[in-house]
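The structure appears right after this line, and notes come after that.
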Amino acid sequence: MEQQTNLPGRRRFIKDAAAIAALGAVGTGMLLKSCGDGRPKAVVPVFKDQAPDGKVLKAGLIGCGGRGTGAAINFLDAGPNLEVVALGDVMQERLDRCRRQLKERRNVEIADEKCFTGFEAYQKVIDSGVDVILEATPPYFRPTHFDAAVRARKHVFIEKPVAVDPVGARSIMASARMADTAGLKVVTGTQRRHQRDYVTTFEQVKSGAIGVPTGANCYWNQSQLWFVERQPGWTDMEAMLRDWVNWRWLSGDHIIEQHIHNYDVIHWFTGKHPVKATGFGGRHRRRTGDLYDFFSVDFVFDDGMHMHSMCRQIDGCANNVSEVLVGTKGRTNCVNTIEDIDGNVIWKYDYPLDENGQPSPQAMVSAQDQEIINLVTAIRNDTPLNEAEECAISTMVGIMGRVSSYTGREVTYEEMMNSSMRLGPQKLAFGPVDIEKVIPVPGTPA
């Protein structure tokens, strides 16, 4: 089952958060104008294809794997006068590979004295004279790294999910409020809030296109994800770090690590989160780690609305990555289509034309590029942008579903906000990892 330690719960979190900030997190939602009939009219934001020019912004990357390297390139491509000047990773070979790819792909050379390895590399990157932190480590490390970056007054891009347990999620919430107080800009890697078709559909929904939301479904069903089998000579820690996406304490399980994209869309479109969850799941195919292969969760909101959540990582099955939101007047797939109550399409997103003159999602600026463009734009224009608390809430929704599925119990959001559960070892070092390596079995024996 989930590991727990006696750490401060919700009451302490609220007290600490109030002490460090009086402001809430600032999201990316746009203002709505009023129509003549009193209904709000959708005001579609205009995203820039590149961030505006300005003084040089220097970024440091923490976590030099594939996604981290991608984030560094996204940053370099986001606009003029942007530099990546420091790298940090626990493992030397990952840092070396990232360093080599930056040179090959963008002709960027990182000085030897700005390359740091080991479990304390994150702090050395933060202290290296950078303006922006790109945080792309396994999710377990993100609350600690985000807290350190905010305390050092750095703007941050932090990948999703932002935590793997309730203690970490609450830490992110507190740091997010401190970032607001300091005027820092923070973007999280949930992508959809910066994807032009999703954002335009969101504005249509907020203007009343589907009426009042009454139900939702979200899915992330795909084939098996990558894995790394343990090799002779590797310690527990090295084996887990190389295979991090398959270990609960490092990834949070795929109900959080991947499915958060879908949870965050429903959270964003409805403006609220579920208050309780009842789920189940299991493991049949996975070759490494301690995760489940599939989850199915019934979430309930405070007004009685239900959301069915389904995620799976097994080869040879029907795949589906999507969201559906149903309202009193119609429904939407959240990305590009709205239907009326009878199923007639009443609105579709107008995609730009590709090189063949055909409307195509691929002709848009990618969401991974756009989120960094928007971060740099907010920094240079000094406009509010802080998604950390919203992402922490969506992460907590995933944690709630995971705990319910592992235990078979109904689990509430309030319970998670009060929980002292913290995953991971007591000490970070190469060698044995002192955690229970078991697959959760819900319920009681027959």
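Note on naming: chains are A, B, ... as they come in the structure tokens, residues start from 1 per chain, ligands start from 1 in the order shown.
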
Sorted by chain and rising residue number, which residues of stretch 157-229 of chain A lie within 8 Å of stretch 233-252 of chain A, and what are their closest atom pairs and distances in Å to one decimal, counting only C-alpha atoms, as JSON lines?
```
{"residue": "A:Ala163", "atom": "CA", "partner": "A:Gly252", "partner_atom": "CA", "distance": 7.4}
{"residue": "A:Val164", "atom": "CA", "partner": "A:Gly252", "partner_atom": "CA", "distance": 4.3}
{"residue": "A:Asp165", "atom": "CA", "partner": "A:Gly252", "partner_atom": "CA", "distance": 7.2}
{"residue": "A:Trp226", "atom": "CA", "partner": "A:Val245", "partner_atom": "CA", "distance": 7.9}
{"residue": "A:Phe227", "atom": "CA", "partner": "A:Asp243", "partner_atom": "CA", "distance": 5.7}
{"residue": "A:Val228", "atom": "CA", "partner": "A:Asp243", "partner_atom": "CA", "distance": 5.0}
{"residue": "A:Glu229", "atom": "CA", "partner": "A:Asp243", "partner_atom": "CA", "distance": 7.4}
```

Practice task
Write down as a VMD selection string the residues belonging to stretch 42-281 of chain A that are assigned helix (DSSP H, G or I) by DSSP computed on the backbone.
Solution key: chain A and resid 66 to 77 92 to 106 112 to 114 121 to 126 139 to 151 166 to 182 192 to 194 196 to 206 236 to 242 244 to 246 248 to 251 254 to 257 260 to 270

Exercise for the section: One decimal, Å: what's the distance from atom CA of A:Ile341 over to atom CA of A:Gly304, could you say? Expected result: 20.4 Å

Problem - Counting only C-alpha atoms, the option among A:Ser405, A:Asn320, A:Thr444, A:Gln313 closest to A:Arg285 - result: A:Gln313

Exercise for the section: Identify, on the basis of only C-alpha atoms, every residue whose closest approach to A:His267 does not exceed 7 Å; exclude the query and any residue fewer than 5 positions from it along the same chain; express the result as a PyMOL selection string. Expected result: chain A and resi 272-273+394

Do you know which residues are at most 12 Å from stretch 371-378 of chain A counting only C-alpha atoms, after dropping those on the same chain fewer than 6 positions away, and could you put them as a JSON list (two decimals) with C-alpha atoms, in the first residue's frame?
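Final output, saved to around_14.json:
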```json
[["chain", "number", "residue", "atom", "x", "y", "z"],
["A", 26, "VAL", "CA", -3.15, 33.41, -11.32],
["A", 27, "GLY", "CA", -4.27, 31.17, -14.16],
["A", 28, "THR", "CA", -4.47, 31.60, -17.91],
["A", 45, "PRO", "CA", -6.91, 35.09, -26.72],
["A", 46, "VAL", "CA", -4.31, 35.92, -29.33],
["A", 47, "PHE", "CA", -1.21, 33.83, -28.76],
["A", 48, "LYS", "CA", 2.08, 35.03, -30.16],
["A", 49, "ASP", "CA", 4.07, 32.79, -32.50],
["A", 50, "GLN", "CA", 7.19, 34.07, -30.75],
["A", 51, "ALA", "CA", 7.85, 35.91, -27.52],
["A", 52, "PRO", "CA", 8.73, 39.62, -27.78],
["A", 53, "ASP", "CA", 12.32, 40.80, -27.74],
["A", 54, "GLY", "CA", 13.92, 41.96, -24.53],
["A", 55, "LYS", "CA", 17.00, 41.64, -22.39],
["A", 56, "VAL", "CA", 18.76, 38.29, -22.41],
["A", 57, "LEU", "CA", 17.02, 35.63, -20.31],
["A", 58, "LYS", "CA", 19.26, 32.78, -19.16],
["A", 59, "ALA", "CA", 17.76, 29.40, -18.36],
["A", 70, "GLY", "CA", 13.05, 19.08, -25.46],
["A", 71, "ALA", "CA", 12.12, 21.81, -22.98],
["A", 72, "ALA", "CA", 15.55, 23.41, -23.41],
["A", 73, "ILE", "CA", 15.06, 23.49, -27.19],
["A", 74, "ASN", "CA", 11.53, 24.88, -26.74],
["A", 75, "PHE", "CA", 13.05, 27.68, -24.68],
["A", 76, "LEU", "CA", 15.78, 28.45, -27.21],
["A", 77, "ASP", "CA", 13.19, 28.60, -30.00],
["A", 78, "ALA", "CA", 10.66, 30.74, -28.10],
["A", 79, "GLY", "CA", 12.05, 34.11, -29.14],
["A", 80, "PRO", "CA", 15.14, 36.34, -29.37],
["A", 81, "ASN", "CA", 17.82, 36.70, -26.70],
["A", 82, "LEU", "CA", 17.13, 33.41, -24.94],
["A", 83, "GLU", "CA", 19.97, 31.24, -23.71],
["A", 131, "ASP", "CA", 16.78, 33.84, -14.64],
["A", 132, "VAL", "CA", 14.56, 30.89, -15.51],
["A", 133, "ILE", "CA", 14.48, 27.29, -14.30],
["A", 134, "LEU", "CA", 13.31, 24.49, -16.60],
["A", 155, "HIS", "CA", 10.75, 32.12, -13.02],
["A", 156, "VAL", "CA", 9.90, 28.46, -13.62],
["A", 157, "PHE", "CA", 8.72, 26.02, -16.22],
["A", 158, "ILE", "CA", 7.83, 22.83, -14.33],
["A", 159, "GLU", "CA", 6.72, 19.66, -16.05],
["A", 183, "GLY", "CA", 5.83, 38.40, -9.00],
["A", 184, "LEU", "CA", 7.30, 35.25, -10.55],
["A", 185, "LYS", "CA", 5.90, 33.63, -13.69],
["A", 186, "VAL", "CA", 5.24, 29.88, -13.65],
["A", 187, "VAL", "CA", 4.03, 27.56, -16.41],
["A", 188, "THR", "CA", 3.36, 23.84, -15.99],
["A", 189, "GLY", "CA", 3.64, 21.21, -18.70],
["A", 190, "THR", "CA", -0.04, 20.28, -18.95],
["A", 191, "GLN", "CA", 0.04, 21.77, -22.48],
["A", 192, "ARG", "CA", -3.69, 22.04, -23.22],
["A", 193, "ARG", "CA", -4.03, 25.45, -21.55],
["A", 194, "HIS", "CA", -1.61, 26.70, -24.23],
["A", 195, "GLN", "CA", -2.98, 24.71, -27.16],
["A", 196, "ARG", "CA", -4.89, 27.03, -29.47],
["A", 365, "VAL", "CA", 2.37, 26.25, -33.02],
["A", 384, "PRO", "CA", 0.42, 37.58, -14.37],
["A", 385, "LEU", "CA", 0.96, 33.91, -15.18],
["A", 386, "ASN", "CA", 1.17, 31.17, -12.54],
["A", 387, "GLU", "CA", -0.28, 27.72, -13.20]]
```

Practice task
Determine the nearest neighbour of A:Tyr349 from the options A:Thr332, A:Thr137, A:Ser366, A:Asn319, counting only C-alpha atoms.
Solution key: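 Result for the nearest residue to A:Tyr349: A:Thr332.
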
Practice task
Run DSSP on the backbone and give me the residues of stretch 46-214 of chain A it puts in strand (DSSP E), as a VMD selection string.
Solution key: chain A and resid 57 to 62 82 to 89 115 to 117 132 to 135 155 to 158 186 to 188 213 to 214

Problem - Nearby residues (only C-alpha atoms) at most 6 Å from A:Cys64, same-chain spacing under 3 positions excluded, as a ChimeraX atom specification - result: /A:68-69,89,94-95,98

Exercise for the section: Fewer than 4 positions away in the same chain doesn't count, so skip those; otherwise give me all residues within 8 Å of stretch 213-223 of chain A, counting only C-alpha atoms, as number ranges by chain. Expected result: A: 258-259, 262-263, 266, 270, 305-328

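One distance worth recording is that between atom CA of A:Gln92 and atom CA of A:Pro161, which is 24.4 Å.
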
Handout entry: Atomic separation - atom CA of A:Gln123 relative to atom CA of A:Ala149, Å
Key =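 Straight-line distance from atom CA of A:Ala149 to atom CA of A:Gln123 works out to 8.2 Å.
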
Problem - Who sits within 9 Å of stretch 342-345 of chain A, only C-alpha atoms, same chain under 5 positions skipped, as a list in words - result: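 Everything that qualifies: Gly330, Arg331 and Thr337 of chain A.
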